[in-house]
file input-v5.pdb (PDB, C-alpha atoms)
ATOM      1  CA  MET A   1     -23.719  53.441   4.001
ATOM      2  CA  PRO A   2     -26.177  56.322   4.478
ATOM      3  CA  SER A   3     -24.361  58.705   2.089
ATOM      4  CA  TYR A   4     -25.368  56.508  -0.825
ATOM      5  CA  TRP A   5     -28.982  57.452  -0.091
ATOM      6  CA  ILE A   6     -28.124  60.840  -1.663
ATOM      7  CA  ALA A   7     -27.176  59.127  -4.928
ATOM      8  CA  VAL A   8     -30.302  56.939  -4.725
ATOM      9  CA  LEU A   9     -32.852  59.658  -3.927
ATOM     10  CA  VAL A  10     -31.443  62.696  -5.759
ATOM     11  CA  GLY A  11     -30.613  60.494  -8.744
ATOM     12  CA  SER A  12     -34.172  59.100  -8.788
ATOM     13  CA  VAL A  13     -35.727  62.579  -8.677
ATOM     14  CA  ALA A  14     -33.325  63.745 -11.431
ATOM     15  CA  VAL A  15     -34.241  60.826 -13.706
ATOM     16  CA  TYR A  16     -37.973  61.202 -12.958
ATOM     17  CA  SER A  17     -37.844  64.924 -13.753
ATOM     18  CA  TRP A  18     -37.192  64.194 -17.459
ATOM     19  CA  LYS A  19     -40.105  61.768 -17.600
ATOM     20  CA  LEU A  20     -42.583  64.207 -16.047
ATOM     21  CA  LEU A  21     -41.216  67.165 -18.035
ATOM     22  CA  GLY A  22     -42.019  65.295 -21.259
ATOM     23  CA  TYR A  23     -45.703  65.124 -20.302
ATOM     24  CA  LEU A  24     -45.852  68.807 -19.347
ATOM     25  CA  VAL A  25     -44.337  70.270 -22.519
ATOM     26  CA  PRO A  26     -46.928  71.728 -24.944
ATOM     27  CA  LYS A  27     -47.616  69.345 -27.838
ATOM     28  CA  ARG A  28     -46.490  71.722 -30.607
ATOM     29  CA  ILE A  29     -42.917  71.669 -29.213
ATOM     30  CA  ALA A  30     -43.155  67.944 -28.566
ATOM     31  CA  ASN A  31     -43.288  67.002 -32.247
ATOM     32  CA  ASN A  32     -39.738  68.160 -32.988
ATOM     33  CA  GLN A  33     -37.843  65.194 -34.462
ATOM     34  CA  GLU A  34     -34.422  66.810 -33.973
ATOM     35  CA  VAL A  35     -34.542  66.570 -30.178
ATOM     36  CA  VAL A  36     -35.451  62.876 -30.315
ATOM     37  CA  ILE A  37     -32.465  62.225 -32.590
ATOM     38  CA  PHE A  38     -30.185  64.179 -30.248
ATOM     39  CA  ALA A  39     -31.297  62.086 -27.250
ATOM     40  CA  GLY A  40     -30.583  58.889 -29.202
ATOM     41  CA  LYS A  41     -27.037  60.022 -30.000
ATOM     42  CA  LEU A  42     -26.326  61.067 -26.417
ATOM     43  CA  THR A  43     -27.562  57.725 -25.106
ATOM     44  CA  ILE A  44     -25.187  55.805 -27.405
ATOM     45  CA  ALA A  45     -22.248  58.020 -26.410
ATOM     46  CA  LEU A  46     -22.910  57.666 -22.672
ATOM     47  CA  LEU A  47     -23.396  53.900 -22.746
ATOM     48  CA  ALA A  48     -20.273  53.382 -24.886
ATOM     49  CA  ALA A  49     -18.218  55.599 -22.571
ATOM     50  CA  LEU A  50     -19.509  53.739 -19.498
ATOM     51  CA  THR A  51     -18.641  50.389 -21.116
ATOM     52  CA  ALA A  52     -15.080  51.583 -21.752
ATOM     53  CA  VAL A  53     -14.599  52.964 -18.238
ATOM     54  CA  GLN A  54     -15.939  49.791 -16.676
ATOM     55  CA  THR A  55     -13.545  47.735 -18.846
ATOM     56  CA  PHE A  56     -10.276  49.696 -18.801
ATOM     57  CA  VAL A  57     -10.202  51.969 -15.762
ATOM     58  CA  ALA A  58      -8.696  51.168 -12.363
ATOM     59  CA  GLY A  59      -8.567  54.268 -10.166
ATOM     60  CA  HIS A  60      -7.069  56.927 -12.450
ATOM     61  CA  GLN A  61      -5.178  54.531 -14.693
ATOM     62  CA  LEU A  62      -5.991  52.704 -17.880
ATOM     63  CA  VAL A  63      -5.229  49.016 -17.489
ATOM     64  CA  ILE A  64      -5.674  45.805 -19.458
ATOM     65  CA  ASP A  65      -6.836  42.940 -17.256
ATOM     66  CA  SER A  66      -9.311  40.043 -17.096
ATOM     67  CA  ARG A  67     -12.185  42.460 -17.768
ATOM     68  CA  LEU A  68     -11.027  42.935 -21.387
ATOM     69  CA  ALA A  69     -11.115  39.186 -22.051
ATOM     70  CA  ALA A  70     -14.518  39.019 -20.335
ATOM     71  CA  ILE A  71     -16.007  41.824 -22.435
ATOM     72  CA  GLY A  72     -14.673  40.029 -25.531
ATOM     73  CA  VAL A  73     -16.673  36.972 -24.483
ATOM     74  CA  ALA A  74     -19.767  39.156 -23.969
ATOM     75  CA  ALA A  75     -19.292  40.840 -27.378
ATOM     76  CA  ILE A  76     -19.157  37.476 -29.159
ATOM     77  CA  LEU A  77     -22.311  36.363 -27.346
ATOM     78  CA  TYR A  78     -24.231  39.570 -28.173
ATOM     79  CA  TRP A  79     -23.085  39.189 -31.768
ATOM     80  CA  ARG A  80     -24.486  35.627 -31.755
ATOM     81  CA  LYS A  81     -27.744  37.128 -30.387
ATOM     82  CA  ALA A  82     -27.440  35.545 -26.938
ATOM     83  CA  PRO A  83     -29.785  36.947 -24.246
ATOM     84  CA  PHE A  84     -28.491  39.772 -22.047
ATOM     85  CA  ILE A  85     -28.393  37.670 -18.879
ATOM     86  CA  VAL A  86     -26.372  34.912 -20.598
ATOM     87  CA  ALA A  87     -23.736  37.345 -21.896
ATOM     88  CA  VAL A  88     -23.456  39.116 -18.526
ATOM     89  CA  ALA A  89     -23.109  35.828 -16.630
ATOM     90  CA  ALA A  90     -20.540  34.493 -19.127
ATOM     91  CA  ALA A  91     -18.457  37.671 -18.777
ATOM     92  CA  ALA A  92     -18.480  37.350 -14.994
ATOM     93  CA  ALA A  93     -17.521  33.676 -15.226
ATOM     94  CA  ALA A  94     -14.691  34.404 -17.685
ATOM     95  CA  ALA A  95     -13.153  37.073 -15.417
ATOM     96  CA  ALA A  96     -13.586  34.922 -12.301
ATOM     97  CA  LEU A  97     -11.964  31.880 -13.925
ATOM     98  CA  LEU A  98      -9.023  33.853 -15.376
ATOM     99  CA  ARG A  99      -8.339  35.344 -11.963
ATOM    100  CA  HIS A 100      -8.701  32.099 -10.070
ATOM    101  CA  PHE A 101      -6.820  29.702 -12.350
ATOM    102  CA  LEU A 102      -4.360  31.916 -14.241
ATOM    103  CA  GLY A 103      -3.881  34.589 -11.589
ATOM    104  CA  TRP A 104      -4.684  37.421 -14.009
ATOM    105  CA  PRO A 105      -5.438  40.799 -12.406
TER     106      PRO A 105
ATOM    107  CA  MET B   1     -46.236  40.498 -25.666
ATOM    108  CA  SER B   2     -46.119  42.790 -22.627
ATOM    109  CA  VAL B   3     -45.547  39.931 -20.190
ATOM    110  CA  GLY B   4     -42.807  38.476 -22.416
ATOM    111  CA  VAL B   5     -41.033  41.827 -22.561
ATOM    112  CA  GLY B   6     -41.537  42.219 -18.817
ATOM    113  CA  LEU B   7     -40.035  38.839 -18.013
ATOM    114  CA  ALA B   8     -37.074  39.269 -20.370
ATOM    115  CA  THR B   9     -36.337  42.741 -19.005
ATOM    116  CA  GLY B  10     -36.816  41.542 -15.455
ATOM    117  CA  LEU B  11     -33.833  39.277 -15.848
ATOM    118  CA  TYR B  12     -31.583  42.346 -16.305
ATOM    119  CA  GLY B  13     -32.944  43.344 -12.929
ATOM    120  CA  PHE B  14     -31.268  40.312 -11.417
ATOM    121  CA  SER B  15     -27.821  41.436 -12.654
ATOM    122  CA  PHE B  16     -28.606  44.961 -11.500
ATOM    123  CA  GLY B  17     -29.527  43.811  -7.992
ATOM    124  CA  ALA B  18     -26.397  41.670  -7.643
ATOM    125  CA  LEU B  19     -24.097  44.428  -8.971
ATOM    126  CA  ALA B  20     -25.651  47.124  -6.780
ATOM    127  CA  THR B  21     -25.233  45.275  -3.493
ATOM    128  CA  ALA B  22     -21.737  44.124  -4.521
ATOM    129  CA  ALA B  23     -20.899  47.818  -5.176
ATOM    130  CA  GLY B  24     -21.791  48.711  -1.584
ATOM    131  CA  PHE B  25     -25.475  49.665  -1.809
ATOM    132  CA  SER B  26     -27.748  48.129   0.824
ATOM    133  CA  ILE B  27     -30.598  45.870  -0.232
ATOM    134  CA  TRP B  28     -33.034  48.719   0.575
ATOM    135  CA  GLN B  29     -31.077  51.275  -1.455
ATOM    136  CA  THR B  30     -30.928  48.839  -4.362
ATOM    137  CA  GLN B  31     -34.673  48.206  -4.201
ATOM    138  CA  VAL B  32     -35.509  51.922  -3.953
ATOM    139  CA  LEU B  33     -33.433  52.535  -7.101
ATOM    140  CA  SER B  34     -35.581  50.028  -8.983
ATOM    141  CA  LEU B  35     -38.828  51.410  -7.522
ATOM    142  CA  LEU B  36     -38.118  55.138  -7.890
ATOM    143  CA  MET B  37     -35.439  55.599 -10.554
ATOM    144  CA  TYR B  38     -36.829  52.743 -12.679
ATOM    145  CA  SER B  39     -34.682  53.196 -15.765
ATOM    146  CA  GLY B  40     -32.120  50.463 -16.429
ATOM    147  CA  GLY B  41     -29.343  52.526 -18.015
ATOM    148  CA  SER B  42     -29.478  55.202 -15.298
ATOM    149  CA  GLN B  43     -29.509  52.574 -12.544
ATOM    150  CA  PHE B  44     -26.510  50.704 -13.968
ATOM    151  CA  ALA B  45     -24.696  54.054 -14.325
ATOM    152  CA  THR B  46     -25.375  54.990 -10.686
ATOM    153  CA  VAL B  47     -24.055  51.657  -9.476
ATOM    154  CA  GLY B  48     -21.132  51.493 -11.931
ATOM    155  CA  VAL B  49     -19.791  54.946 -11.042
ATOM    156  CA  ILE B  50     -20.113  54.323  -7.289
ATOM    157  CA  ALA B  51     -18.502  50.880  -7.629
ATOM    158  CA  ALA B  52     -15.487  52.501  -9.308
ATOM    159  CA  SER B  53     -15.198  55.633  -7.135
ATOM    160  CA  GLY B  54     -16.915  55.018  -3.789
ATOM    161  CA  PRO B  55     -18.497  58.045  -2.043
ATOM    162  CA  ALA B  56     -16.443  60.452  -4.245
ATOM    163  CA  GLY B  57     -18.561  59.179  -7.137
ATOM    164  CA  ILE B  58     -21.914  60.311  -5.732
ATOM    165  CA  LEU B  59     -22.196  63.553  -7.750
ATOM    166  CA  PRO B  60     -20.860  62.071 -11.023
ATOM    167  CA  ALA B  61     -23.203  59.103 -10.484
ATOM    168  CA  ILE B  62     -26.215  61.428 -10.194
ATOM    169  CA  ILE B  63     -25.202  63.436 -13.282
ATOM    170  CA  SER B  64     -24.552  60.275 -15.348
ATOM    171  CA  ALA B  65     -27.934  58.836 -14.370
ATOM    172  CA  TRP B  66     -29.639  62.159 -15.138
ATOM    173  CA  LEU B  67     -28.031  62.478 -18.598
ATOM    174  CA  LEU B  68     -28.932  58.873 -19.451
ATOM    175  CA  GLY B  69     -32.513  59.621 -18.410
ATOM    176  CA  ILE B  70     -32.957  62.353 -21.044
ATOM    177  CA  ARG B  71     -34.278  59.883 -23.591
ATOM    178  CA  ASN B  72     -37.212  59.007 -21.314
ATOM    179  CA  GLY B  73     -38.224  62.661 -21.560
ATOM    180  CA  PHE B  74     -38.421  62.328 -25.328
ATOM    181  CA  TYR B  75     -40.484  59.150 -25.034
ATOM    182  CA  ALA B  76     -42.786  61.126 -22.732
ATOM    183  CA  LEU B  77     -43.202  63.851 -25.383
ATOM    184  CA  ARG B  78     -44.395  61.223 -27.856
ATOM    185  CA  LEU B  79     -46.542  59.318 -25.363
ATOM    186  CA  ASN B  80     -48.279  62.481 -24.157
ATOM    187  CA  SER B  81     -50.046  62.669 -27.535
ATOM    188  CA  VAL B  82     -50.727  58.909 -27.614
ATOM    189  CA  LEU B  83     -52.052  58.434 -24.063
ATOM    190  CA  SER B  84     -53.867  61.756 -23.557
ATOM    191  CA  VAL B  85     -53.508  61.494 -19.785
ATOM    192  CA  THR B  86     -54.263  64.252 -17.273
ATOM    193  CA  GLY B  87     -53.666  65.084 -13.621
ATOM    194  CA  LEU B  88     -52.524  62.360 -11.264
ATOM    195  CA  VAL B  89     -52.480  59.742 -14.037
ATOM    196  CA  LYS B  90     -49.611  61.708 -15.599
ATOM    197  CA  VAL B  91     -47.550  61.077 -12.475
ATOM    198  CA  PHE B  92     -47.939  57.306 -12.911
ATOM    199  CA  ALA B  93     -47.555  57.385 -16.693
ATOM    200  CA  SER B  94     -44.297  59.305 -16.185
ATOM    201  CA  GLN B  95     -42.874  56.628 -13.913
ATOM    202  CA  LEU B  96     -43.680  53.863 -16.416
ATOM    203  CA  THR B  97     -42.118  55.796 -19.327
ATOM    204  CA  ILE B  98     -39.038  53.724 -20.269
ATOM    205  CA  ASP B  99     -37.403  52.174 -23.357
ATOM    206  CA  GLU B 100     -39.619  49.078 -23.375
ATOM    207  CA  SER B 101     -43.053  50.613 -22.750
ATOM    208  CA  ASN B 102     -42.399  53.275 -25.385
ATOM    209  CA  ALA B 103     -41.113  50.711 -27.904
ATOM    210  CA  VAL B 104     -44.118  48.381 -27.519
ATOM    211  CA  SER B 105     -46.537  51.311 -27.708
ATOM    212  CA  ALA B 106     -44.816  52.693 -30.811
ATOM    213  CA  SER B 107     -45.034  49.346 -32.602
ATOM    214  CA  GLN B 108     -48.873  49.129 -32.381
ATOM    215  CA  GLU B 109     -51.088  49.773 -35.402
ATOM    216  CA  ASN B 110     -54.075  51.548 -33.827
ATOM    217  CA  PRO B 111     -54.333  54.155 -31.035
ATOM    218  CA  LYS B 112     -56.202  51.854 -28.622
ATOM    219  CA  ASP B 113     -53.469  49.179 -28.766
ATOM    220  CA  ALA B 114     -50.794  51.880 -28.489
ATOM    221  CA  LYS B 115     -52.315  52.981 -25.156
ATOM    222  CA  LEU B 116     -52.821  49.446 -23.901
ATOM    223  CA  GLY B 117     -49.319  48.399 -24.980
ATOM    224  CA  PHE B 118     -47.796  51.239 -22.975
ATOM    225  CA  TRP B 119     -49.681  50.511 -19.739
ATOM    226  CA  LEU B 120     -49.347  46.724 -19.869
ATOM    227  CA  THR B 121     -45.665  46.752 -20.768
ATOM    228  CA  GLY B 122     -44.814  49.506 -18.295
ATOM    229  CA  ALA B 123     -46.588  47.631 -15.498
ATOM    230  CA  ALA B 124     -45.231  44.173 -16.413
ATOM    231  CA  VAL B 125     -41.649  45.405 -16.639
ATOM    232  CA  PHE B 126     -42.074  47.300 -13.350
ATOM    233  CA  VAL B 127     -43.243  44.191 -11.501
ATOM    234  CA  PHE B 128     -40.609  41.817 -12.906
ATOM    235  CA  TRP B 129     -37.802  44.390 -12.737
ATOM    236  CA  ASN B 130     -38.414  44.958  -9.031
ATOM    237  CA  LEU B 131     -38.906  41.295  -8.218
ATOM    238  CA  PHE B 132     -35.649  40.265  -9.890
ATOM    239  CA  THR B 133     -33.826  43.247  -8.389
ATOM    240  CA  LEU B 134     -34.681  41.899  -4.948
ATOM    241  CA  LEU B 135     -33.507  38.370  -5.807
ATOM    242  CA  GLY B 136     -30.254  39.730  -7.298
ATOM    243  CA  ALA B 137     -29.696  42.014  -4.313
ATOM    244  CA  LEU B 138     -30.107  39.115  -1.873
ATOM    245  CA  LEU B 139     -27.550  37.077  -3.820
ATOM    246  CA  GLY B 140     -25.101  39.985  -4.275
ATOM    247  CA  SER B 141     -25.163  40.827  -0.587
ATOM    248  CA  VAL B 142     -23.718  37.404   0.380
ATOM    249  CA  LEU B 143     -21.037  37.205  -2.327
ATOM    250  CA  GLY B 144     -18.329  39.344  -0.700
ATOM    251  CA  ASP B 145     -15.514  40.801  -2.865
ATOM    252  CA  PRO B 146     -17.167  41.484  -6.249
ATOM    253  CA  SER B 147     -14.004  41.008  -8.328
ATOM    254  CA  ILE B 148     -13.543  37.368  -7.215
ATOM    255  CA  TRP B 149     -16.872  36.599  -8.883
ATOM    256  CA  GLY B 150     -16.105  38.719 -11.936
ATOM    257  CA  LEU B 151     -18.916  41.154 -11.084
ATOM    258  CA  ASP B 152     -16.807  44.121 -12.262
ATOM    259  CA  ALA B 153     -16.605  42.457 -15.671
ATOM    260  CA  ALA B 154     -20.356  41.748 -15.488
ATOM    261  CA  ALA B 155     -20.988  45.489 -15.108
ATOM    262  CA  ALA B 156     -18.929  46.165 -18.255
ATOM    263  CA  ALA B 157     -20.850  43.464 -20.124
ATOM    264  CA  ALA B 158     -24.161  44.962 -18.928
ATOM    265  CA  PHE B 159     -23.316  48.381 -20.412
ATOM    266  CA  LEU B 160     -22.170  46.699 -23.629
ATOM    267  CA  GLY B 161     -25.511  44.879 -23.783
ATOM    268  CA  LEU B 162     -27.423  48.149 -23.373
ATOM    269  CA  VAL B 163     -25.494  49.904 -26.177
ATOM    270  CA  TRP B 164     -25.219  46.896 -28.554
ATOM    271  CA  PRO B 165     -28.717  47.070 -30.128
ATOM    272  CA  ARG B 166     -28.202  50.801 -30.762
ATOM    273  CA  LEU B 167     -25.028  50.320 -32.849
ATOM    274  CA  ARG B 168     -26.824  49.952 -36.152
ATOM    275  CA  ASN B 169     -24.856  52.082 -38.619
ATOM    276  CA  LEU B 170     -21.615  53.928 -39.290
ATOM    277  CA  GLN B 171     -22.795  57.051 -37.500
ATOM    278  CA  SER B 172     -23.736  55.306 -34.250
ATOM    279  CA  ASN B 173     -20.466  53.324 -34.311
ATOM    280  CA  LEU B 174     -18.508  56.538 -34.805
ATOM    281  CA  ILE B 175     -20.319  58.219 -31.893
ATOM    282  CA  ALA B 176     -19.467  55.232 -29.686
ATOM    283  CA  ILE B 177     -15.788  55.187 -30.711
ATOM    284  CA  LEU B 178     -15.367  58.943 -30.212
ATOM    285  CA  ALA B 179     -17.069  58.788 -26.821
ATOM    286  CA  ILE B 180     -14.743  55.965 -25.740
ATOM    287  CA  VAL B 181     -11.587  57.748 -26.962
ATOM    288  CA  PHE B 182     -12.442  61.106 -25.361
ATOM    289  CA  THR B 183     -13.543  59.532 -22.095
ATOM    290  CA  LEU B 184     -10.500  57.287 -21.684
ATOM    291  CA  ALA B 185      -8.169  60.164 -22.613
ATOM    292  CA  LEU B 186      -9.651  62.232 -19.769
ATOM    293  CA  VAL B 187      -9.437  59.454 -17.140
ATOM    294  CA  PRO B 188      -5.892  60.195 -15.863
ATOM    295  CA  ALA B 189      -6.590  63.931 -15.540
ATOM    296  CA  LEU B 190     -10.046  64.216 -13.966
ATOM    297  CA  PRO B 191     -11.862  62.939 -10.862
ATOM    298  CA  SER B 192     -13.675  59.587 -11.232
ATOM    299  CA  GLY B 193     -16.992  59.720 -13.031
ATOM    300  CA  ILE B 194     -16.336  63.103 -14.665
ATOM    301  CA  PRO B 195     -14.653  61.801 -17.876
ATOM    302  CA  VAL B 196     -17.885  60.089 -18.980
ATOM    303  CA  ILE B 197     -20.065  63.159 -18.533
ATOM    304  CA  ILE B 198     -17.605  65.314 -20.511
ATOM    305  CA  GLY B 199     -16.388  62.731 -23.043
ATOM    306  CA  ALA B 200     -19.809  61.492 -24.197
ATOM    307  CA  PRO B 201     -21.396  64.920 -24.917
ATOM    308  CA  THR B 202     -18.157  65.978 -26.656
ATOM    309  CA  ALA B 203     -18.456  62.996 -29.001
ATOM    310  CA  VAL B 204     -22.027  64.007 -29.887
ATOM    311  CA  GLY B 205     -20.859  67.586 -30.474
ATOM    312  CA  ILE B 206     -18.149  66.367 -32.881
ATOM    313  CA  ILE B 207     -20.733  64.388 -34.861
ATOM    314  CA  TYR B 208     -22.920  67.486 -35.273
ATOM    315  CA  ALA B 209     -19.816  69.464 -36.328
ATOM    316  CA  LEU B 210     -18.877  66.777 -38.896
ATOM    317  CA  LYS B 211     -22.367  67.012 -40.389
ATOM    318  CA  ARG B 212     -21.507  70.569 -41.456
ATOM    319  CA  THR B 213     -18.478  69.358 -43.457
ATOM    320  CA  PRO B 214     -18.205  67.459 -46.786
ATOM    321  CA  LEU B 215     -17.858  64.274 -44.709
ATOM    322  CA  ALA B 216     -21.573  64.549 -43.890
ATOM    323  CA  LYS B 217     -22.550  62.337 -46.831
ATOM    324  CA  TYR B 218     -20.831  59.360 -45.182
ATOM    325  CA  LEU B 219     -22.843  59.865 -42.016
ATOM    326  CA  GLN B 220     -26.281  59.744 -43.614
ATOM    327  CA  VAL B 221     -28.559  57.087 -42.190
ATOM    328  CA  LYS B 222     -32.033  55.957 -43.162
ATOM    329  CA  ASN B 223     -33.748  55.969 -39.791
ATOM    330  CA  ASP B 224     -31.797  58.557 -37.902
ATOM    331  CA  ALA B 225     -32.900  58.168 -34.288
TER     332      ALA B 225
END
call {"tool": "encode", "arguments": {"input": "input-v5.pdb", "output": "structure tokens"}}
result
Amino acid sequence: MPSYWIAVLVGSVAVYSWKLLGYLVPKRIANNQEVVIFAGKLTIALLAALTAVQTFVAGHQLVIDSRLAAIGVAAILYWRKAPFIVAVAAAAAAAALLRHFLGWP
Amino acid sequence: MSVGVGLATGLYGFSFGALATAAGFSIWQTQVLSLLMYSGGSQFATVGVIAASGPAGILPAIISAWLLGIRNGFYALRLNSVLSVTGLVKVFASQLTIDESNAVSASQENPKDAKLGFWLTGAAVFVFWNLFTLLGALLGSVLGDPSIWGLDAAAAAAFLGLVWPRLRNLQSNLIAILAIVFTLALVPALPSGIPVIIGAPTAVGIIYALKRTPLAKYLQVKNDA
């Protein structure tokens, strides 16, 4: 799908632009703690929002399906300090099994 | 230390590769994301938004990735003083400026180790991240319908894993909850991908507004970052 190249290339340039910008800003502006704190907050908000969308959204509707049970499994594993890859794989397995054996959406 | 961090991070790359090809990206597109974008959160956002919205999600995907990339800019501000790089080296240092290389560099005692930690970690993560992306992409491309394999749920779990270590106090939890509430409330009304890029900044704005009220004392944290 060639149109996805736009997302890949423009997105990459957009993400890189922040990185390079950081090295070009004069050092006296660079030592402002407030901006670092702001970036930390925005990162948490974006990642939390993306988690919720990926869990509850189907098209333009909010739904409860196998993904909620799967993210519950992942949350327990993260809480028990399981590695990222283990929690992600367990969530996938939970959703796949619920769909296959119980017919959940 | 750098190789350990590189290997551990590389394993996320496997999930990224599988999710990206399952979402409709080609193996080449997936690999170019890991080579050029090279920032886990932004890459997962690109793939997650496109997986949910298809081609209509291209612009929201770019904006989400861009907003998530802001923090790399702040790492770069810090690293510019630490690395004292110039010219073409800045171009490479920029590309390797990510969560892990900054974190390892910041945890070193003396300036020499701080420099070395950045370059070694940045390079190790880059190599492993790209290698595992390729392996994941090859697997994802033969799986077919992603939901049969629970890959949609895997994407949700991946975002949860990225935000989990950052939820360390009442304030960060409150930011996360507000971002979720605002975003989900906007879902029925707005095009796909847009709720996140409005909902999340709104949540941060509310937190700054609350800090100007008497409630501020409940939001104080020791290491506010």
call {"tool": "resolve_selection", "arguments": {"input": "input-v5.pdb", "expression": "the ChimeraX specification (/A :<6) & /B", "output": "VMD selection string"}}
result
chain B and resid 33 36 to 37 58 62 66 68 to 74 76 to 77 80 94 148 to 151 153 to 154 156 to 160 163 175 to 176 179 to 180 187 to 188 196 200 225
call {"tool": "atom_distance", "arguments": {"input": "input-v5.pdb", "atom1": "atom CA of Ser15 of chain B", "atom2": "atom CA of Ala137 of chain B"}}
result
8.6 Å
call {"tool": "closest_residue", "arguments": {"input": "input-v5.pdb", "among": "B:Gly161, B:Leu139, B:Leu79, B:Gly4", "to": "Gly41 of chain B", "atoms": "all atoms listed in the file"}}
result
B:Gly161
call {"tool": "residues_near_point", "arguments": {"input": "input-v5.pdb", "point": "(-34.7, 43.6, -4.8)", "cutoff": "10 Å", "atoms": "only C-alpha atoms", "output": "MDAnalysis selection string"}}
result
chainID B and resid 13:14 16:18 20:21 27:35 129:139
call {"tool": "write_last_selection", "arguments": {"input": "input-v5.pdb", "atoms": "C-alpha atoms", "output": "PDB file, in the frame of the given file"}}
result
ATOM      1  CA  GLY B  13     -32.944  43.344 -12.929  1.00  0.00           C
ATOM      2  CA  PHE B  14     -31.268  40.312 -11.417  1.00  0.00           C
ATOM      3  CA  PHE B  16     -28.606  44.961 -11.500  1.00  0.00           C
ATOM      4  CA  GLY B  17     -29.527  43.811  -7.992  1.00  0.00           C
ATOM      5  CA  ALA B  18     -26.397  41.670  -7.643  1.00  0.00           C
ATOM      6  CA  ALA B  20     -25.651  47.124  -6.780  1.00  0.00           C
ATOM      7  CA  THR B  21     -25.233  45.275  -3.493  1.00  0.00           C
ATOM      8  CA  ILE B  27     -30.598  45.870  -0.232  1.00  0.00           C
ATOM      9  CA  TRP B  28     -33.034  48.719   0.575  1.00  0.00           C
ATOM     10  CA  GLN B  29     -31.077  51.275  -1.455  1.00  0.00           C
ATOM     11  CA  THR B  30     -30.928  48.839  -4.362  1.00  0.00           C
ATOM     12  CA  GLN B  31     -34.673  48.206  -4.201  1.00  0.00           C
ATOM     13  CA  VAL B  32     -35.509  51.922  -3.953  1.00  0.00           C
ATOM     14  CA  LEU B  33     -33.433  52.535  -7.101  1.00  0.00           C
ATOM     15  CA  SER B  34     -35.581  50.028  -8.983  1.00  0.00           C
ATOM     16  CA  LEU B  35     -38.828  51.410  -7.522  1.00  0.00           C
ATOM     17  CA  TRP B 129     -37.802  44.390 -12.737  1.00  0.00           C
ATOM     18  CA  ASN B 130     -38.414  44.958  -9.031  1.00  0.00           C
ATOM     19  CA  LEU B 131     -38.906  41.295  -8.218  1.00  0.00           C
ATOM     20  CA  PHE B 132     -35.649  40.265  -9.890  1.00  0.00           C
ATOM     21  CA  THR B 133     -33.826  43.247  -8.389  1.00  0.00           C
ATOM     22  CA  LEU B 134     -34.681  41.899  -4.948  1.00  0.00           C
ATOM     23  CA  LEU B 135     -33.507  38.370  -5.807  1.00  0.00           C
ATOM     24  CA  GLY B 136     -30.254  39.730  -7.298  1.00  0.00           C
ATOM     25  CA  ALA B 137     -29.696  42.014  -4.313  1.00  0.00           C
ATOM     26  CA  LEU B 138     -30.107  39.115  -1.873  1.00  0.00           C
ATOM     27  CA  LEU B 139     -27.550  37.077  -3.820  1.00  0.00           C
TER      28      LEU B 139
END
call {"tool": "atom_distance", "arguments": {"input": "input-v5.pdb", "atom1": "atom CA of Thr9 of chain B", "atom2": "atom CA of Ile98 of chain B"}}
result
11.4 Å
call {"tool": "atom_distance", "arguments": {"input": "input-v5.pdb", "atom1": "atom CA of Asn169 of chain B", "atom2": "atom CA of Leu186 of chain B"}}
result
26.3 Å
